[in-house]
file work.tsv (TSV, C-alpha atoms)
chain	number	residue	atom	x	y	z
A	1	MET	CA	-6.36	136.95	90.86
A	2	THR	CA	-9.37	134.63	91.14
A	3	GLY	CA	-10.02	130.95	91.60
A	4	VAL	CA	-7.20	130.09	94.01
A	5	LEU	CA	-9.41	127.38	95.51
A	6	SER	CA	-10.77	124.53	93.42
A	7	PRO	CA	-14.47	123.61	93.54
A	8	GLU	CA	-13.48	120.55	95.55
A	9	GLN	CA	-11.62	122.66	98.11
A	10	ILE	CA	-14.56	125.02	98.47
A	11	ALA	CA	-16.91	122.08	98.93
A	12	HIS	CA	-14.60	120.63	101.59
A	13	PHE	CA	-14.55	123.92	103.49
A	14	ASN	CA	-18.34	124.22	103.38
A	15	SER	CA	-18.81	120.62	104.49
A	16	GLU	CA	-16.04	120.27	107.08
A	17	GLY	CA	-15.53	123.85	108.28
A	18	PHE	CA	-11.82	124.05	107.49
A	19	LEU	CA	-9.24	123.74	104.71
A	20	CYS	CA	-5.45	123.38	104.55
A	21	PRO	CA	-2.85	123.82	103.29
A	22	VAL	CA	-2.92	126.64	100.73
A	23	ARG	CA	0.28	128.35	99.61
A	24	ALA	CA	0.39	132.15	99.95
A	25	ILE	CA	4.05	133.16	99.96
A	26	SER	CA	7.43	131.46	99.65
A	27	ALA	CA	9.33	130.09	102.62
A	28	GLU	CA	11.88	132.87	102.11
A	29	GLU	CA	9.16	135.54	102.29
A	30	ALA	CA	7.74	133.87	105.42
A	31	ARG	CA	11.18	134.03	107.01
A	32	ALA	CA	11.40	137.76	106.22
A	33	TYR	CA	8.04	138.40	107.93
A	34	ARG	CA	9.12	136.28	110.89
A	35	ASN	CA	12.23	138.46	111.14
A	36	LYS	CA	10.03	141.57	111.26
A	37	ILE	CA	8.06	140.13	114.18
A	38	GLU	CA	11.16	139.09	116.06
A	39	ASP	CA	12.79	142.47	115.43
A	40	PHE	CA	9.71	144.07	117.02
A	41	GLU	CA	10.00	141.73	120.00
A	42	ALA	CA	13.69	142.56	120.42
A	43	SER	CA	13.15	146.32	120.21
A	44	SER	CA	10.02	146.41	122.41
A	45	GLY	CA	11.23	143.88	124.96
A	46	GLU	CA	7.89	142.04	124.85
A	47	GLU	CA	6.49	138.98	123.13
A	48	VAL	CA	4.31	139.56	120.11
A	49	ASN	CA	1.50	137.74	121.97
A	50	LYS	CA	1.17	140.53	124.52
A	51	ARG	CA	-0.54	143.33	122.57
A	52	LEU	CA	-0.98	142.23	118.96
A	53	LYS	CA	-4.21	140.36	119.64
A	54	ILE	CA	-7.38	141.59	117.97
A	55	LYS	CA	-6.20	144.22	115.46
A	56	ALA	CA	-2.50	143.53	115.03
A	57	HIS	CA	-2.60	145.03	111.52
A	58	LEU	CA	-2.94	148.49	113.08
A	59	ALA	CA	0.68	148.23	114.27
A	60	PHE	CA	2.41	147.80	110.90
A	61	PRO	CA	1.65	148.72	107.26
A	62	TRP	CA	3.37	145.51	106.19
A	63	LEU	CA	0.76	143.46	108.10
A	64	ILE	CA	-2.01	145.18	106.14
A	65	GLU	CA	-0.08	144.47	102.95
A	66	LEU	CA	0.08	140.81	103.96
A	67	ALA	CA	-3.65	140.77	104.76
A	68	ARG	CA	-4.23	142.03	101.21
A	69	HIS	CA	-2.01	139.43	99.57
A	70	PRO	CA	-3.77	138.39	96.34
A	71	ARG	CA	-3.62	134.64	96.99
A	72	ILE	CA	-5.03	134.98	100.51
A	73	VAL	CA	-7.74	137.42	99.48
A	74	SER	CA	-8.73	135.35	96.46
A	75	ALA	CA	-9.09	132.21	98.58
A	76	VAL	CA	-11.32	134.10	101.01
A	77	GLN	CA	-13.39	135.53	98.13
A	78	ASP	CA	-13.84	132.00	96.76
A	79	ILE	CA	-15.70	131.23	99.99
A	80	LEU	CA	-17.31	134.54	101.00
A	81	GLY	CA	-17.81	136.43	97.75
A	82	PRO	CA	-16.18	139.59	96.35
A	83	ASP	CA	-16.76	142.16	99.09
A	84	ILE	CA	-14.42	141.46	102.01
A	85	LEU	CA	-13.71	143.29	105.26
A	86	LEU	CA	-10.88	142.56	107.69
A	87	PHE	CA	-12.45	142.40	111.14
A	88	GLY	CA	-9.20	141.78	113.00
A	89	SER	CA	-5.86	140.01	113.15
A	90	SER	CA	-3.67	138.36	115.79
A	91	ALA	CA	-0.05	137.33	116.09
A	92	PHE	CA	0.71	134.02	117.79
A	93	ALA	CA	4.09	132.73	118.95
A	94	LYS	CA	4.90	129.64	120.97
A	95	ASN	CA	8.51	129.35	122.01
A	96	ALA	CA	10.49	126.14	121.67
A	97	ARG	CA	9.50	123.67	124.41
A	98	ASP	CA	6.78	126.12	125.40
A	99	PRO	CA	4.02	124.78	127.70
A	100	ARG	CA	1.51	127.38	126.49
A	101	PHE	CA	-1.43	126.26	124.38
A	102	VAL	CA	-4.70	127.41	122.83
A	103	SER	CA	-7.72	125.66	124.33
A	104	TRP	CA	-10.62	124.27	122.32
A	105	HIS	CA	-12.92	127.16	121.42
A	106	GLN	CA	-15.11	128.79	118.80
A	107	ASP	CA	-14.33	132.27	117.49
A	108	SER	CA	-18.05	132.94	117.05
A	109	ALA	CA	-18.64	132.91	120.81
A	110	TYR	CA	-16.77	136.20	121.19
A	111	TYR	CA	-16.77	137.99	117.84
A	112	GLY	CA	-20.34	139.28	118.01
A	113	LEU	CA	-21.08	139.01	114.27
A	114	ASN	CA	-24.34	138.43	112.44
A	115	PRO	CA	-24.60	136.35	110.33
A	116	HIS	CA	-21.90	133.87	111.38
A	117	GLN	CA	-19.87	133.95	108.16
A	118	GLU	CA	-16.41	135.04	109.32
A	119	VAL	CA	-13.43	133.04	107.98
A	120	THR	CA	-10.06	132.94	109.72
A	121	VAL	CA	-6.85	132.60	107.74
A	122	TRP	CA	-3.90	131.29	109.79
A	123	LEU	CA	-0.62	132.00	107.97
A	124	ALA	CA	2.46	130.08	109.13
A	125	LEU	CA	5.72	132.03	109.35
A	126	SER	CA	7.58	129.01	110.73
A	127	HIS	CA	6.94	125.27	110.65
A	128	ALA	CA	3.59	124.45	112.23
A	129	SER	CA	3.79	120.72	112.75
A	130	THR	CA	2.13	118.29	115.11
A	131	GLU	CA	5.28	118.44	117.25
A	132	SER	CA	5.33	122.25	117.33
A	133	GLY	CA	1.65	122.50	118.28
A	134	CYS	CA	-0.16	123.14	115.01
A	135	MET	CA	-3.85	123.98	115.00
A	136	LYS	CA	-6.36	121.17	115.40
A	137	VAL	CA	-10.02	121.31	114.40
A	138	ILE	CA	-13.18	119.32	115.03
A	139	PRO	CA	-14.66	118.67	111.57
A	140	LYS	CA	-18.27	119.71	110.96
A	141	SER	CA	-18.50	121.51	114.31
A	142	HIS	CA	-19.35	124.70	112.37
A	143	LEU	CA	-22.71	123.15	111.53
A	144	GLY	CA	-23.79	123.29	115.18
A	145	PRO	CA	-24.65	126.18	117.49
A	146	ASP	CA	-22.44	128.54	119.44
A	147	LEU	CA	-21.23	126.70	122.52
A	148	VAL	CA	-21.00	128.09	126.05
A	149	HIS	CA	-17.35	128.57	126.99
A	150	GLU	CA	-15.81	128.26	130.43
A	151	GLU	CA	-13.36	131.09	131.16
A	152	THR	CA	-10.37	129.68	133.05
A	153	PHE	CA	-7.81	132.53	132.83
A	154	ASP	CA	-5.16	129.81	132.71
A	155	ALA	CA	-1.72	131.46	132.61
A	156	ASP	CA	-0.52	128.97	129.99
A	157	ASN	CA	-3.52	129.58	127.74
A	158	LEU	CA	-2.76	132.01	124.91
A	159	LEU	CA	-6.43	133.05	124.67
A	160	ALA	CA	-7.29	136.29	126.44
A	161	ARG	CA	-9.69	134.73	128.94
A	162	GLY	CA	-8.59	131.10	128.79
A	163	GLN	CA	-11.96	130.25	127.28
A	164	LYS	CA	-12.60	126.61	126.47
A	165	VAL	CA	-15.21	124.03	125.51
A	166	THR	CA	-15.16	120.27	126.05
A	167	VAL	CA	-14.87	118.14	122.91
A	168	ASP	CA	-14.29	114.56	121.86
A	169	GLU	CA	-10.60	114.86	120.97
A	170	SER	CA	-10.68	111.56	119.07
A	171	LEU	CA	-12.48	113.49	116.32
A	172	ALA	CA	-9.73	116.12	115.99
A	173	VAL	CA	-7.80	116.68	112.76
A	174	ASP	CA	-4.34	118.27	112.68
A	175	MET	CA	-3.68	121.18	110.28
A	176	PRO	CA	0.12	121.18	109.76
A	177	LEU	CA	1.58	124.00	107.67
A	178	GLU	CA	4.92	124.78	106.08
A	179	PRO	CA	6.24	128.36	106.28
A	180	GLY	CA	4.24	130.50	103.85
A	181	GLU	CA	1.19	128.20	103.81
A	182	PHE	CA	-2.16	129.01	105.40
A	183	SER	CA	-5.27	127.29	106.65
A	184	LEU	CA	-8.86	128.53	106.69
A	185	HIS	CA	-11.58	127.80	109.21
A	186	HIS	CA	-15.14	128.94	109.81
A	187	GLU	CA	-15.78	131.04	112.91
A	188	ARG	CA	-17.97	128.30	114.41
A	189	THR	CA	-15.41	125.55	113.84
A	190	VAL	CA	-14.10	124.32	117.18
A	191	HIS	CA	-10.32	124.54	117.16
A	192	GLY	CA	-7.26	124.78	119.40
A	193	SER	CA	-3.56	123.96	119.50
A	194	PRO	CA	-1.36	122.12	122.03
A	195	ALA	CA	2.04	123.07	123.44
A	196	ASN	CA	5.10	123.40	121.22
A	197	MET	CA	7.38	120.46	121.91
A	198	SER	CA	9.83	121.23	119.09
A	199	ASP	CA	13.18	123.02	119.19
A	200	ASP	CA	12.00	126.05	117.20
A	201	ARG	CA	9.36	128.71	117.72
A	202	ARG	CA	5.94	128.34	116.12
A	203	ILE	CA	4.97	131.75	114.74
A	204	GLY	CA	1.92	132.70	112.69
A	205	ILE	CA	-0.55	135.46	111.90
A	206	ALA	CA	-4.33	135.02	111.98
A	207	PHE	CA	-6.47	137.28	109.79
A	208	PHE	CA	-10.22	137.48	110.45
A	209	TYR	CA	-12.25	138.17	107.29
A	210	MET	CA	-15.98	138.64	106.83
A	211	PRO	CA	-18.36	139.57	103.98
A	212	ALA	CA	-19.25	143.26	103.96
A	213	HIS	CA	-22.90	142.54	104.78
A	214	CYS	CA	-22.04	141.19	108.28
A	215	ARG	CA	-23.23	143.35	111.17
A	216	SER	CA	-21.82	143.90	114.66
A	217	MET	CA	-23.97	142.66	117.53
A	218	LEU	CA	-21.88	144.69	119.99
A	219	GLY	CA	-22.54	148.23	118.82
A	220	ARG	CA	-20.74	150.28	116.22
A	221	ARG	CA	-17.25	148.95	115.55
A	222	SER	CA	-14.57	149.23	112.88
A	223	ALA	CA	-13.09	147.10	110.11
A	224	LEU	CA	-10.92	147.52	107.02
A	225	LEU	CA	-12.09	147.10	103.44
A	226	ILE	CA	-9.82	144.51	101.82
A	227	ALA	CA	-11.48	143.74	98.51
A	228	GLY	CA	-14.54	144.72	96.48
A	229	GLU	CA	-16.95	147.33	97.84
A	230	ASP	CA	-18.67	148.11	101.11
A	231	ARG	CA	-22.23	148.93	100.04
A	232	HIS	CA	-23.66	148.42	103.53
A	233	GLY	CA	-21.85	150.82	105.83
A	234	HIS	CA	-22.21	148.69	108.96
A	235	TRP	CA	-18.63	149.37	110.08
A	236	ASP	CA	-16.44	152.40	110.63
A	237	ARG	CA	-13.02	152.29	108.97
A	238	ASP	CA	-9.90	151.19	110.83
A	239	PRO	CA	-7.21	153.91	110.91
A	240	GLU	CA	-4.39	152.44	108.81
A	241	PRO	CA	-0.90	153.02	110.23
A	242	ARG	CA	1.18	155.51	108.28
A	243	PHE	CA	4.38	153.79	109.43
A	244	ASP	CA	5.46	151.04	111.83
A	245	LEU	CA	4.10	151.61	115.34
A	246	ASP	CA	2.20	154.75	114.35
A	247	PRO	CA	1.06	156.22	117.73
A	248	GLU	CA	-2.42	157.09	116.41
A	249	SER	CA	-3.26	153.62	115.10
A	250	LEU	CA	-1.60	151.99	118.12
A	251	ALA	CA	-3.79	154.00	120.48
A	252	PHE	CA	-6.86	152.88	118.55
A	253	MET	CA	-5.63	149.26	118.64
A	254	GLU	CA	-5.22	149.39	122.42
A	255	GLU	CA	-8.70	150.88	122.84
A	256	VAL	CA	-10.27	148.15	120.71
A	257	TRP	CA	-8.37	145.43	122.59
A	258	ALA	CA	-9.68	146.70	125.93
A	259	SER	CA	-13.21	146.93	124.53
A	260	TYR	CA	-12.97	143.41	123.09
A	261	ARG	CA	-12.12	141.96	126.49
A	262	ASP	CA	-15.10	143.74	128.03
A	263	ASP	CA	-17.45	142.76	125.20
A	264	ALA	CA	-16.45	139.11	125.52
A	265	THR	CA	-17.85	139.11	129.02
A	266	THR	CA	-21.06	140.74	127.81
A	267	VAL	CA	-21.58	138.19	125.04
A	268	GLN	CA	-20.99	135.23	127.34
A	269	ALA	CA	-23.32	136.64	130.02
A	270	ALA	CA	-26.05	137.02	127.43
A	271	ARG	CA	-25.63	133.38	126.40
A	272	LEU	CA	-25.96	132.21	130.00
A	273	ALA	CA	-29.02	134.35	130.78
call {"tool": "encode", "arguments": {"input": "work.tsv", "output": "structure tokens"}}
result
Amino acid sequence: MTGVLSPEQIAHFNSEGFLCPVRAISAEEARAYRNKIEDFEASSGEEVNKRLKIKAHLAFPWLIELARHPRIVSAVQDILGPDILLFGSSAFAKNARDPRFVSWHQDSAYYGLNPHQEVTVWLALSHASTESGCMKVIPKSHLGPDLVHEETFDADNLLARGQKVTVDESLAVDMPLEPGEFSLHHERTVHGSPANMSDDRRIGIAFFYMPAHCRSMLGRRSALLIAGEDRHGHWDRDPEPRFDLDPESLAFMEEVWASYRDDATTVQAARLA
């Protein structure tokens, strides 16, 4: 499948740093994936936010299948070209009337990629409305530099280190999504999301894609080939799970998550030096 995005949509993404909404799956399919997440939460006794942060796809084969969905991959290829790697993925859930939020931030400040060409797909598995705390973006912020983030470690902040930047919120644009729709944003686009004030959970999956020519600035790391070819060899290959909660891929996921938290400190220290 090719050409999911129109020329006008591609131009909007390049100019503004974001795009939404784009339909990936039906509302019924989104509900089925939501059920899978909530079944995991029920069986594990923990929220999906706790561990499924930077490489959530290593927990479940069905998450890799979703990351390879033709409509999602084609939209990413329309922006980045044919050869696509999955750098990471995260599950996000805000409960009904949940005070937790995602502060204003740039992904590029912590991802350690060169060049800055990563694109995040945020797929809604429930209604992501203004009331439920949908993502907001600052248009054209991707055209500027990486910003220095303050790390607050706020307990209500769903980001690992509570990292935030100060923005003019009057410039913000909401990105509401229906279940099964997704948004795209550039890694330098400043974005965040407020608390969920609705009576239902807001659940979604973020997939972090990059062109195969991107390099890691933080040493040798791993990724997963999603489409096309990897003719560059800058990344080791993620160990795909053989089944749900495969101990081998889970152990690798935990190791990467710990390393990511440490590397975030290294990147920010380098920016302040």
call {"tool": "closest_residue", "arguments": {"input": "work.tsv", "among": "A:Leu123, A:Ala172, A:Ile72, A:Ala42", "to": "A:Ala30", "atoms": "all atoms listed in the file"}}
result
A:Leu123
call {"tool": "closest_residue", "arguments": {"input": "work.tsv", "among": "A:Asn49, A:Ser126, A:Asn35, A:Ser103", "to": "A:Ala91", "atoms": "all atoms listed in the file"}}
result
A:Asn49
call {"tool": "atom_distance", "arguments": {"input": "work.tsv", "atom1": "atom CA of A:Ala93", "atom2": "atom CA of A:Arg201"}}
result
6.7 Å
call {"tool": "closest_atom_pairs", "arguments": {"input": "work.tsv", "of": "stretch 150-241 of chain A", "to": "stretch 12-25 of chain A", "cutoff": "9 Å", "atoms": "all atoms listed in the file", "output": "Markdown table"}}
result
| residue | atom | partner | partner_atom | distance |
| --- | --- | --- | --- | --- |
| A:Met175 | CA | A:Cys20 | CA | 6.4 |
| A:Pro176 | CA | A:Pro21 | CA | 7.6 |
| A:Leu177 | CA | A:Pro21 | CA | 6.2 |
| A:Glu178 | CA | A:Pro21 | CA | 8.3 |
| A:Pro179 | CA | A:Ile25 | CA | 8.2 |
| A:Gly180 | CA | A:Ile25 | CA | 4.7 |
| A:Glu181 | CA | A:Arg23 | CA | 4.3 |
| A:Phe182 | CA | A:Val22 | CA | 5.3 |
| A:Ser183 | CA | A:Cys20 | CA | 4.4 |
| A:Leu184 | CA | A:Leu19 | CA | 5.2 |
| A:His185 | CA | A:Phe18 | CA | 4.1 |
| A:His186 | CA | A:Gly17 | CA | 5.3 |
| A:Glu187 | CA | A:Gly17 | CA | 8.6 |
| A:Arg188 | CA | A:Gly17 | CA | 8.0 |
| A:Thr189 | CA | A:Gly17 | CA | 5.8 |
call {"tool": "atom_distance", "arguments": {"input": "work.tsv", "atom1": "atom CA of A:Glu41", "atom2": "atom CA of A:Leu245"}}
result
12.4 Å
call {"tool": "closest_residue", "arguments": {"input": "work.tsv", "among": "A:Pro194, A:Gly219, A:Gly204, A:Pro239", "to": "A:Glu38", "atoms": "all atoms listed in the file"}}
result
A:Gly204
call {"tool": "closest_residue", "arguments": {"input": "work.tsv", "among": "A:Val165, A:Ile203, A:Val121, A:Ala128", "to": "A:Arg68", "atoms": "all atoms listed in the file"}}
result
A:Val121
call {"tool": "closest_residue", "arguments": {"input": "work.tsv", "among": "A:His127, A:Ala32, A:Leu158, A:Pro61", "to": "A:Val48", "atoms": "only C-alpha atoms"}}
result
A:Leu158
call {"tool": "atom_distance", "arguments": {"input": "work.tsv", "atom1": "atom CA of A:Lys53", "atom2": "atom CA of A:Trp235"}}
result
19.5 Å
call {"tool": "residues_around", "arguments": {"input": "work.tsv", "residues": "A:Ser222", "least_positions_apart": "4", "cutoff": "6 Å", "atoms": "only C-alpha atoms", "output": "list in words"}}
result
Trp235, Asp236, Arg237 and Asp238 of chain A
call {"tool": "closest_residue", "arguments": {"input": "work.tsv", "among": "A:Ala124, A:Ala155, A:Val119, A:Met197", "to": "A:Tyr33", "atoms": "only C-alpha atoms"}}
result
A:Ala124
call {"tool": "residues_around", "arguments": {"input": "work.tsv", "residues": "A:Ala96", "least_positions_apart": "2", "cutoff": "9 Å", "atoms": "only C-alpha atoms", "output": "list of chain:residue names"}}
result
A:Lys94, A:Asp98, A:Pro99, A:Ser132, A:Asn196, A:Met197, A:Ser198, A:Asp199, A:Asp200, A:Arg201, A:Arg202
call {"tool": "residues_around", "arguments": {"input": "work.tsv", "residues": "A:Glu151", "least_positions_apart": "3", "cutoff": "10 Å", "atoms": "only C-alpha atoms", "output": "list in words"}}
result
Val148, Asp154, Leu159, Ala160, Arg161, Gly162, Gln163, Lys164, Val165, Thr265 and Gln268 of chain A
call {"tool": "residues_around", "arguments": {"input": "work.tsv", "residues": "A:Gln77", "least_positions_apart": "2", "cutoff": "10 Å", "atoms": "all atoms listed in the file", "output": "MDAnalysis selection string"}}
result
chainID A and resid 2:5 71:75 79:84 209:211 227:228
call {"tool": "axis_aligned_box", "arguments": {"input": "work.tsv", "around": "stretch 116-127 of chain A", "padding_each_side": "8 Å", "output": "AutoDock Vina command-line options"}}
result
--center_x -7.2 --center_y 130.2 --center_z 109.6 --size_x 45.5 --size_y 25.8 --size_z 19.6
call {"tool": "residues_around", "arguments": {"input": "work.tsv", "residues": "A:Glu254", "least_positions_apart": "6", "cutoff": "10 Å", "atoms": "all atoms listed in the file", "output": "list of chain:residue names"}}
result
A:Arg51, A:Leu52, A:Lys53, A:Ile54, A:Lys55, A:Ala56, A:Leu58, A:Tyr260
